[in-house]
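Dropping model_23.txt in here (compact mmCIF, C-alpha atoms):
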# COMPACT_ATOMS: atom_id res chain seq x y z
CA MET U 1 67.14 -32.83 2.57
CA ALA U 2 70.04 -35.22 2.91
CA TRP U 3 67.98 -37.30 5.33
CA LEU U 4 65.48 -37.99 2.55
CA LEU U 5 68.23 -39.42 0.36
CA HIS U 6 69.32 -41.60 3.25
CA ILE U 7 65.81 -42.93 3.79
CA ILE U 8 65.53 -43.63 0.08
CA ILE U 9 68.79 -45.56 -0.14
CA GLY U 10 67.81 -47.48 3.00
CA LEU U 11 64.42 -48.19 1.45
CA ILE U 12 65.87 -49.48 -1.81
CA SER U 13 68.39 -51.68 0.00
CA GLY U 14 65.64 -52.98 2.27
CA ILE U 15 63.39 -53.85 -0.66
CA ILE U 16 66.18 -55.72 -2.38
CA SER U 17 67.23 -57.62 0.73
CA GLY U 18 63.56 -58.38 1.41
CA MET U 19 63.50 -59.97 -2.01
CA GLY U 20 66.26 -62.32 -1.02
CA ILE U 21 69.37 -60.63 -2.37
CA GLY U 22 71.90 -59.49 0.20
CA GLY U 23 71.14 -55.88 1.09
CA GLY U 24 74.80 -55.07 1.57
CA THR U 25 75.34 -55.52 -2.14
CA VAL U 26 73.33 -52.34 -2.74
CA LEU U 27 73.86 -50.31 0.40
CA ILE U 28 77.64 -50.50 0.61
CA PRO U 29 78.36 -49.56 -3.04
CA ALA U 30 75.74 -46.78 -2.86
CA LEU U 31 77.26 -45.28 0.30
CA SER U 32 80.71 -45.60 -1.19
CA ILE U 33 80.02 -44.39 -4.76
CA PHE U 34 77.25 -41.78 -4.29
CA PHE U 35 77.80 -40.63 -0.71
CA LYS U 36 81.61 -40.84 -0.95
CA MET U 37 81.85 -42.55 2.40
CA GLU U 38 85.01 -44.28 3.49
CA GLN U 39 84.75 -48.02 2.84
CA GLN U 40 84.95 -48.98 6.52
CA THR U 41 82.17 -46.52 7.41
CA ALA U 42 79.93 -47.91 4.66
CA GLN U 43 80.54 -51.46 5.88
CA ASN U 44 79.93 -50.51 9.50
CA ILE U 45 76.63 -48.89 8.55
CA ASN U 46 75.62 -52.04 6.69
CA LEU U 47 76.37 -54.17 9.75
CA LEU U 48 74.28 -51.90 11.97
CA TYR U 49 71.50 -51.66 9.44
CA PHE U 50 71.18 -55.44 9.45
CA ILE U 51 70.45 -55.61 13.20
CA PRO U 52 66.83 -54.35 13.53
CA THR U 53 65.58 -56.33 10.52
CA ALA U 54 67.44 -59.41 11.70
CA ILE U 55 65.88 -59.25 15.17
CA ILE U 56 62.36 -59.17 13.70
CA ALA U 57 63.15 -61.91 11.19
CA ILE U 58 64.88 -64.22 13.68
CA SER U 59 62.06 -64.03 16.22
CA THR U 60 59.49 -64.82 13.51
CA HIS U 61 61.56 -67.73 12.23
CA ALA U 62 62.12 -69.08 15.73
CA LYS U 63 58.36 -69.18 16.30
CA GLN U 64 57.83 -70.96 12.98
CA GLY U 65 60.52 -73.50 13.78
CA ASN U 66 62.63 -72.69 10.72
CA ILE U 67 65.91 -72.41 12.57
CA GLU U 68 68.04 -75.58 12.71
CA LYS U 69 69.11 -75.12 16.31
CA LYS U 70 71.50 -78.06 16.35
CA GLN U 71 73.59 -76.43 13.62
CA LEU U 72 74.00 -73.12 15.40
CA SER U 73 76.80 -73.78 17.87
CA PRO U 74 79.34 -75.41 15.50
CA LEU U 75 78.80 -72.64 12.95
CA ILE U 76 78.89 -69.78 15.44
CA LEU U 77 81.87 -71.13 17.39
CA LEU U 78 84.58 -70.47 14.78
CA GLY U 79 82.32 -67.92 13.12
CA LEU U 80 83.07 -65.57 15.98
CA ALA U 81 86.80 -66.14 15.53
CA GLY U 82 86.43 -65.45 11.81
CA ALA U 83 84.39 -62.33 12.50
CA ALA U 84 87.05 -60.99 14.85
CA ALA U 85 89.85 -61.73 12.36
CA GLY U 86 87.99 -60.29 9.34
CA SER U 87 86.90 -57.16 11.23
CA LEU U 88 90.36 -56.48 12.63
CA ILE U 89 91.90 -56.78 9.16
CA ALA U 90 89.21 -54.51 7.70
CA VAL U 91 89.52 -51.71 10.25
CA ASN U 92 93.31 -51.70 9.93
CA MET U 93 93.42 -51.77 6.15
CA ASN U 94 93.76 -48.65 4.07
CA ALA U 95 90.33 -47.61 2.81
CA PRO U 96 90.97 -47.53 -0.96
CA LEU U 97 92.46 -51.05 -0.83
CA LEU U 98 89.49 -52.38 1.15
CA ARG U 99 87.20 -50.72 -1.39
CA LYS U 100 88.97 -52.53 -4.24
CA LEU U 101 88.82 -55.87 -2.39
CA PHE U 102 85.13 -55.32 -1.74
CA GLY U 103 84.75 -54.61 -5.46
CA PHE U 104 86.14 -58.05 -6.33
CA PHE U 105 83.86 -59.67 -3.76
CA LEU U 106 80.90 -57.77 -5.24
CA LEU U 107 81.88 -58.84 -8.75
CA ALA U 108 81.82 -62.48 -7.64
CA MET U 109 78.42 -62.01 -5.97
CA GLY U 110 77.09 -60.25 -9.08
CA ALA U 111 78.23 -63.15 -11.26
CA TYR U 112 76.57 -65.57 -8.84
CA GLU U 113 73.26 -63.67 -9.05
CA PHE U 114 73.49 -63.46 -12.82
CA PHE U 115 74.29 -67.10 -13.50
CA ARG U 116 72.45 -68.87 -10.73
CA LYS U 117 69.66 -71.24 -11.59
CA GLU U 118 66.27 -70.14 -10.35
CA LYS U 119 64.61 -72.46 -7.89
CA LYS U 120 60.88 -72.81 -7.60
CA SER U 121 59.32 -70.62 -4.92
CA GLU U 122 62.58 -68.94 -4.08
CA GLY U 123 62.02 -67.14 -0.83
CA SER U 124 58.69 -66.08 0.49
CA SER U 125 59.04 -63.35 3.02
CA LEU U 126 61.11 -60.58 4.42
CA HIS U 127 62.58 -63.18 6.67
CA GLU U 128 64.53 -64.65 3.80
CA SER U 129 66.74 -61.63 3.71
CA VAL U 130 70.20 -62.45 4.86
CA GLN U 131 73.01 -60.04 4.93
CA MET T 1 78.92 -83.68 7.15
CA GLY T 2 81.77 -83.63 9.65
CA LYS T 3 81.98 -81.21 12.49
CA SER T 4 85.30 -79.83 11.25
CA ALA T 5 83.72 -78.86 7.93
CA LYS T 6 81.01 -76.94 9.79
CA LEU T 7 83.68 -75.17 11.77
CA ILE T 8 85.45 -74.14 8.54
CA ILE T 9 82.20 -72.92 6.96
CA GLY T 10 81.48 -70.94 10.14
CA PHE T 11 84.94 -69.38 10.11
CA ALA T 12 84.73 -68.42 6.42
CA THR T 13 81.29 -66.88 6.98
CA GLY T 14 82.47 -64.81 9.94
CA PHE T 15 85.66 -63.78 8.15
CA ALA T 16 83.93 -62.55 4.97
CA ASN T 17 81.17 -60.89 6.97
CA GLY T 18 83.72 -59.07 9.11
CA LEU T 19 86.09 -58.17 6.28
CA PHE T 20 83.38 -56.86 3.94
CA GLY T 21 80.69 -55.87 6.45
CA SER T 22 78.32 -58.06 4.44
CA GLY T 23 78.15 -61.26 2.46
CA GLY T 24 78.13 -63.79 5.27
CA GLY T 25 74.86 -65.17 3.92
CA THR T 26 76.32 -65.44 0.44
CA ILE T 27 78.75 -68.02 1.79
CA LEU T 28 76.64 -69.64 4.48
CA VAL T 29 73.33 -70.20 2.69
CA PRO T 30 74.69 -72.09 -0.35
CA SER T 31 77.10 -74.03 1.90
CA MET T 32 74.27 -75.18 4.14
CA GLU T 33 72.18 -76.16 1.12
CA LYS T 34 74.97 -78.03 -0.66
CA PHE T 35 77.02 -79.61 2.10
CA MET T 36 74.57 -79.86 4.97
CA LYS T 37 71.50 -80.64 2.84
CA ILE T 38 69.32 -78.07 4.57
CA GLU T 39 66.39 -76.82 2.52
CA THR T 40 66.54 -73.24 1.24
CA HIS T 41 63.94 -71.77 3.57
CA LYS T 42 65.54 -73.22 6.69
CA ALA T 43 69.03 -72.40 5.43
CA HIS T 44 68.05 -68.70 5.18
CA ALA T 45 66.51 -68.71 8.65
CA THR T 46 69.43 -70.54 10.25
CA ALA T 47 71.93 -68.28 8.46
CA LEU T 48 70.26 -65.23 10.00
CA ALA T 49 70.59 -66.73 13.48
CA VAL T 50 74.27 -67.54 12.84
CA ILE T 51 75.20 -64.20 11.27
CA PHE T 52 73.47 -62.11 13.92
CA PRO T 53 76.01 -62.73 16.72
CA LEU T 54 78.88 -62.55 14.19
CA SER T 55 77.69 -59.13 13.02
CA VAL T 56 77.33 -57.89 16.60
CA LEU T 57 80.95 -58.85 17.29
CA SER T 58 82.10 -57.20 14.04
CA ILE T 59 80.21 -54.02 14.93
CA PHE T 60 82.11 -53.93 18.20
CA PHE T 61 85.46 -53.94 16.37
CA TYR T 62 84.31 -51.44 13.74
CA LEU T 63 82.92 -48.99 16.30
CA ARG T 64 86.04 -49.22 18.42
CA SER T 65 88.13 -48.00 15.49
CA GLY T 66 86.10 -45.18 13.97
CA GLN T 67 83.40 -42.56 14.23
CA LEU T 68 80.00 -42.99 12.67
CA PRO T 69 77.50 -40.50 11.25
CA TRP T 70 74.73 -41.64 13.60
CA SER T 71 71.85 -39.61 12.20
CA GLU T 72 72.55 -41.04 8.75
CA VAL T 73 72.64 -44.54 10.20
CA LEU T 74 69.21 -43.98 11.76
CA TRP T 75 67.57 -42.68 8.58
CA ILE T 76 69.09 -45.44 6.46
CA SER T 77 67.99 -48.10 8.94
CA ALA T 78 64.47 -46.69 9.14
CA GLY T 79 64.23 -46.84 5.36
CA GLY T 80 65.64 -50.35 5.49
CA VAL T 81 63.02 -51.72 7.87
CA ILE T 82 60.17 -50.31 5.75
CA GLY T 83 61.86 -51.48 2.55
CA GLY T 84 62.26 -54.98 3.97
CA PHE T 85 58.51 -55.32 4.37
CA LEU T 86 57.83 -53.87 0.92
CA GLY T 87 60.38 -56.20 -0.64
CA ALA T 88 58.80 -59.21 1.02
CA LYS T 89 55.40 -58.21 -0.39
CA LEU T 90 56.84 -57.57 -3.85
CA LEU T 91 58.65 -60.90 -3.82
CA ASN T 92 55.35 -62.72 -4.03
CA LYS T 93 54.16 -60.63 -6.97
CA VAL T 94 57.18 -60.15 -9.17
CA LYS T 95 58.79 -62.89 -11.21
CA THR T 96 62.34 -63.02 -9.96
CA PRO T 97 64.51 -64.80 -12.58
CA TRP T 98 65.15 -61.72 -14.72
CA LEU T 99 65.33 -59.58 -11.60
CA HIS T 100 68.33 -61.55 -10.36
CA LYS T 101 70.02 -61.08 -13.74
CA ILE T 102 69.43 -57.32 -13.66
CA PHE T 103 70.74 -57.04 -10.10
CA GLY T 104 73.71 -59.20 -11.03
CA LEU T 105 74.56 -56.76 -13.84
CA PHE T 106 74.14 -53.72 -11.58
CA MET T 107 76.38 -55.33 -8.99
CA ALA T 108 79.04 -56.02 -11.64
CA VAL T 109 78.95 -52.40 -12.83
CA ALA T 110 79.22 -51.07 -9.27
CA ALA T 111 82.00 -53.58 -8.60
CA MET T 112 84.01 -52.40 -11.61
CA LYS T 113 83.60 -48.80 -10.50
CA MET T 114 84.91 -49.67 -7.05
CA ILE T 115 87.80 -51.72 -8.41
CA MET T 116 88.88 -49.06 -10.93
CA GLY T 117 88.72 -46.51 -8.14
Have the structure of the file written as structure tokens, please.
Amino acid sequence: MAWLLHIIIGLISGIISGMGIGGGTVLIPALSIFFKMEQQTAQNINLLYFIPTAIIAISTHAKQGNIEKKQLSPLILLGLAGAAAGSLIAVNMNAPLLRKLFGFFLLAMGAYEFFRKEKKSEGSSLHESVQ
Amino acid sequence: MGKSAKLIIGFATGFANGLFGSGGGTILVPSMEKFMKIETHKAHATALAVIFPLSVLSIFFYLRSGQLPWSEVLWISAGGVIGGFLGAKLLNKVKTPWLHKIFGLFMAVAAMKMIMG
């Protein structure tokens, strides 16, 4: 029956990310706290989990012309360098320390969600969901 | 907005997303709105297109270093795809201001639990 629990946690995370709040903020703590997964494993699963939804969302957005194509290359250029650096640090860090660091990051994101001012018509579709 | 600033935003997004396996959008979306004056809807869409290749690269480094419970990944992802559609439908029906506050509190509680160990 463990698979049912996994579908449910995926479902909950998906609903929340579909509503415009980063799905990783639910999935990673859940995998870490309830499923006792190592922090790196939980983060890796979140990265993988993002891929299928992102493919659907990006292709829809591209058709609708929502993607600012001119902005992509400057952002991705050093983004890839940052991704390599961040990932290498993460996979080489001891898991309990990474878990604590993630906790501080999550605390900051929680405060942001709590205090942020609501905009009119915030989000409108699944395709708003960003990791 | 200068090109160097975009490069820095890109680096910070990739770094956080790689280090925490999430959260790239948390940095990128508000940065694009504030500093690059891109409207929210387009900022979300563009952020997805930026974070996608960054996540693929991060996955490469993560997978190289450790084993994964693949069947769990599949079930979780399947739930996630369905949940994404449900969430998008709900978004149009539920008033979100209080929802963000509740999620913010939940996140803070989970964060404290992770920090305290």
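The nearest approach to Thr40 of chain T among the residues U:Asn92, U:Ser17, U:Ser87, U:Asn66, with all atoms listed in the file taken into account, belongs to U:Asn66.
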**Request:** Pick out the closest residue to Arg99 of chain U from this set: U:Met37, U:Ile45, U:Ala81, U:Ala2. Count all atoms listed in the file.
**Result:**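 Of all the options, U:Met37 lies closest to Arg99 of chain U.
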**Request:** Go through U:Thr25, U:Thr53, U:Ser32, U:Gln39 and flag the residue nearest Phe52 of chain T, using all atoms listed in the file for the distances.
**Result:** U:Thr53
**Item:** Close residues, Lys6 of chain T itself excluded, 9 Å, only C-alpha atoms, min 2 positions apart in chain, as a ChimeraX atom specification
**Value:** /U:71,74-75,78 /T:1-4,8-11,32,36
**Request:** Compare U:Ala84, U:Ile28, U:Leu48, U:Leu11 by their minimum atom-to-atom distance to Trp70 of chain T, counting only C-alpha atoms, and give me the closest one.
**Result:**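 Distance minimum relative to Trp70 of chain T lands on U:Leu48.
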Since the input lacks some atoms of segment 94-114 of chain U, please model N, CA, C and O atoms and print them as a compact mmCIF listing (two decimals), in the frame of the given file.
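Dumped to out21.txt:
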# COMPACT_ATOMS: atom_id res chain seq x y z
N ASN U 94 94.01 -49.98 4.61
CA ASN U 94 93.76 -48.65 4.07
C ASN U 94 92.49 -48.68 3.22
O ASN U 94 92.18 -49.66 2.55
N ALA U 95 91.70 -47.60 3.33
CA ALA U 95 90.33 -47.61 2.81
C ALA U 95 90.24 -47.88 1.30
O ALA U 95 89.39 -48.68 0.88
N PRO U 96 91.08 -47.26 0.48
CA PRO U 96 90.97 -47.53 -0.96
C PRO U 96 91.25 -49.00 -1.31
O PRO U 96 90.61 -49.57 -2.20
N LEU U 97 92.17 -49.63 -0.57
CA LEU U 97 92.46 -51.05 -0.83
C LEU U 97 91.26 -51.92 -0.43
O LEU U 97 90.87 -52.83 -1.17
N LEU U 98 90.66 -51.61 0.71
CA LEU U 98 89.49 -52.38 1.15
C LEU U 98 88.35 -52.21 0.15
O LEU U 98 87.63 -53.16 -0.16
N ARG U 99 88.23 -51.00 -0.39
CA ARG U 99 87.20 -50.72 -1.39
C ARG U 99 87.41 -51.59 -2.64
O ARG U 99 86.47 -52.15 -3.19
N LYS U 100 88.65 -51.69 -3.07
CA LYS U 100 88.97 -52.53 -4.24
C LYS U 100 88.66 -54.01 -3.94
O LYS U 100 88.06 -54.69 -4.77
N LEU U 101 89.08 -54.47 -2.76
CA LEU U 101 88.82 -55.87 -2.39
C LEU U 101 87.32 -56.14 -2.37
O LEU U 101 86.84 -57.16 -2.86
N PHE U 102 86.59 -55.20 -1.77
CA PHE U 102 85.13 -55.32 -1.74
C PHE U 102 84.59 -55.41 -3.16
O PHE U 102 83.66 -56.17 -3.45
N GLY U 103 85.16 -54.60 -4.06
CA GLY U 103 84.75 -54.61 -5.46
C GLY U 103 84.86 -56.00 -6.08
O GLY U 103 83.96 -56.46 -6.77
N PHE U 104 85.98 -56.69 -5.80
CA PHE U 104 86.14 -58.05 -6.33
C PHE U 104 85.11 -59.01 -5.73
O PHE U 104 84.54 -59.86 -6.43
N PHE U 105 84.87 -58.85 -4.43
CA PHE U 105 83.86 -59.67 -3.76
C PHE U 105 82.48 -59.43 -4.38
O PHE U 105 81.73 -60.36 -4.67
N LEU U 106 82.18 -58.16 -4.64
CA LEU U 106 80.90 -57.77 -5.24
C LEU U 106 80.77 -58.33 -6.66
O LEU U 106 79.69 -58.78 -7.07
N LEU U 107 81.87 -58.30 -7.39
CA LEU U 107 81.88 -58.84 -8.75
C LEU U 107 81.52 -60.33 -8.73
O LEU U 107 80.71 -60.80 -9.53
N ALA U 108 82.11 -61.05 -7.76
CA ALA U 108 81.82 -62.48 -7.64
C ALA U 108 80.35 -62.70 -7.28
O ALA U 108 79.67 -63.57 -7.84
N MET U 109 79.83 -61.86 -6.36
CA MET U 109 78.42 -62.01 -5.97
C MET U 109 77.50 -61.65 -7.13
O MET U 109 76.46 -62.28 -7.33
N GLY U 110 77.88 -60.64 -7.92
CA GLY U 110 77.09 -60.25 -9.08
C GLY U 110 77.02 -61.38 -10.09
O GLY U 110 75.97 -61.70 -10.64
N ALA U 111 78.18 -62.02 -10.32
CA ALA U 111 78.23 -63.15 -11.26
C ALA U 111 77.36 -64.29 -10.76
O ALA U 111 76.62 -64.92 -11.52
N TYR U 112 77.39 -64.51 -9.43
CA TYR U 112 76.57 -65.57 -8.84
C TYR U 112 75.08 -65.29 -9.07
O TYR U 112 74.32 -66.17 -9.46
N GLU U 113 74.67 -64.03 -8.83
CA GLU U 113 73.26 -63.67 -9.05
C GLU U 113 72.88 -63.84 -10.52
O GLU U 113 71.79 -64.26 -10.85
N PHE U 114 73.80 -63.45 -11.39
CA PHE U 114 73.49 -63.46 -12.82
C PHE U 114 73.34 -64.89 -13.35
O PHE U 114 72.45 -65.19 -14.13
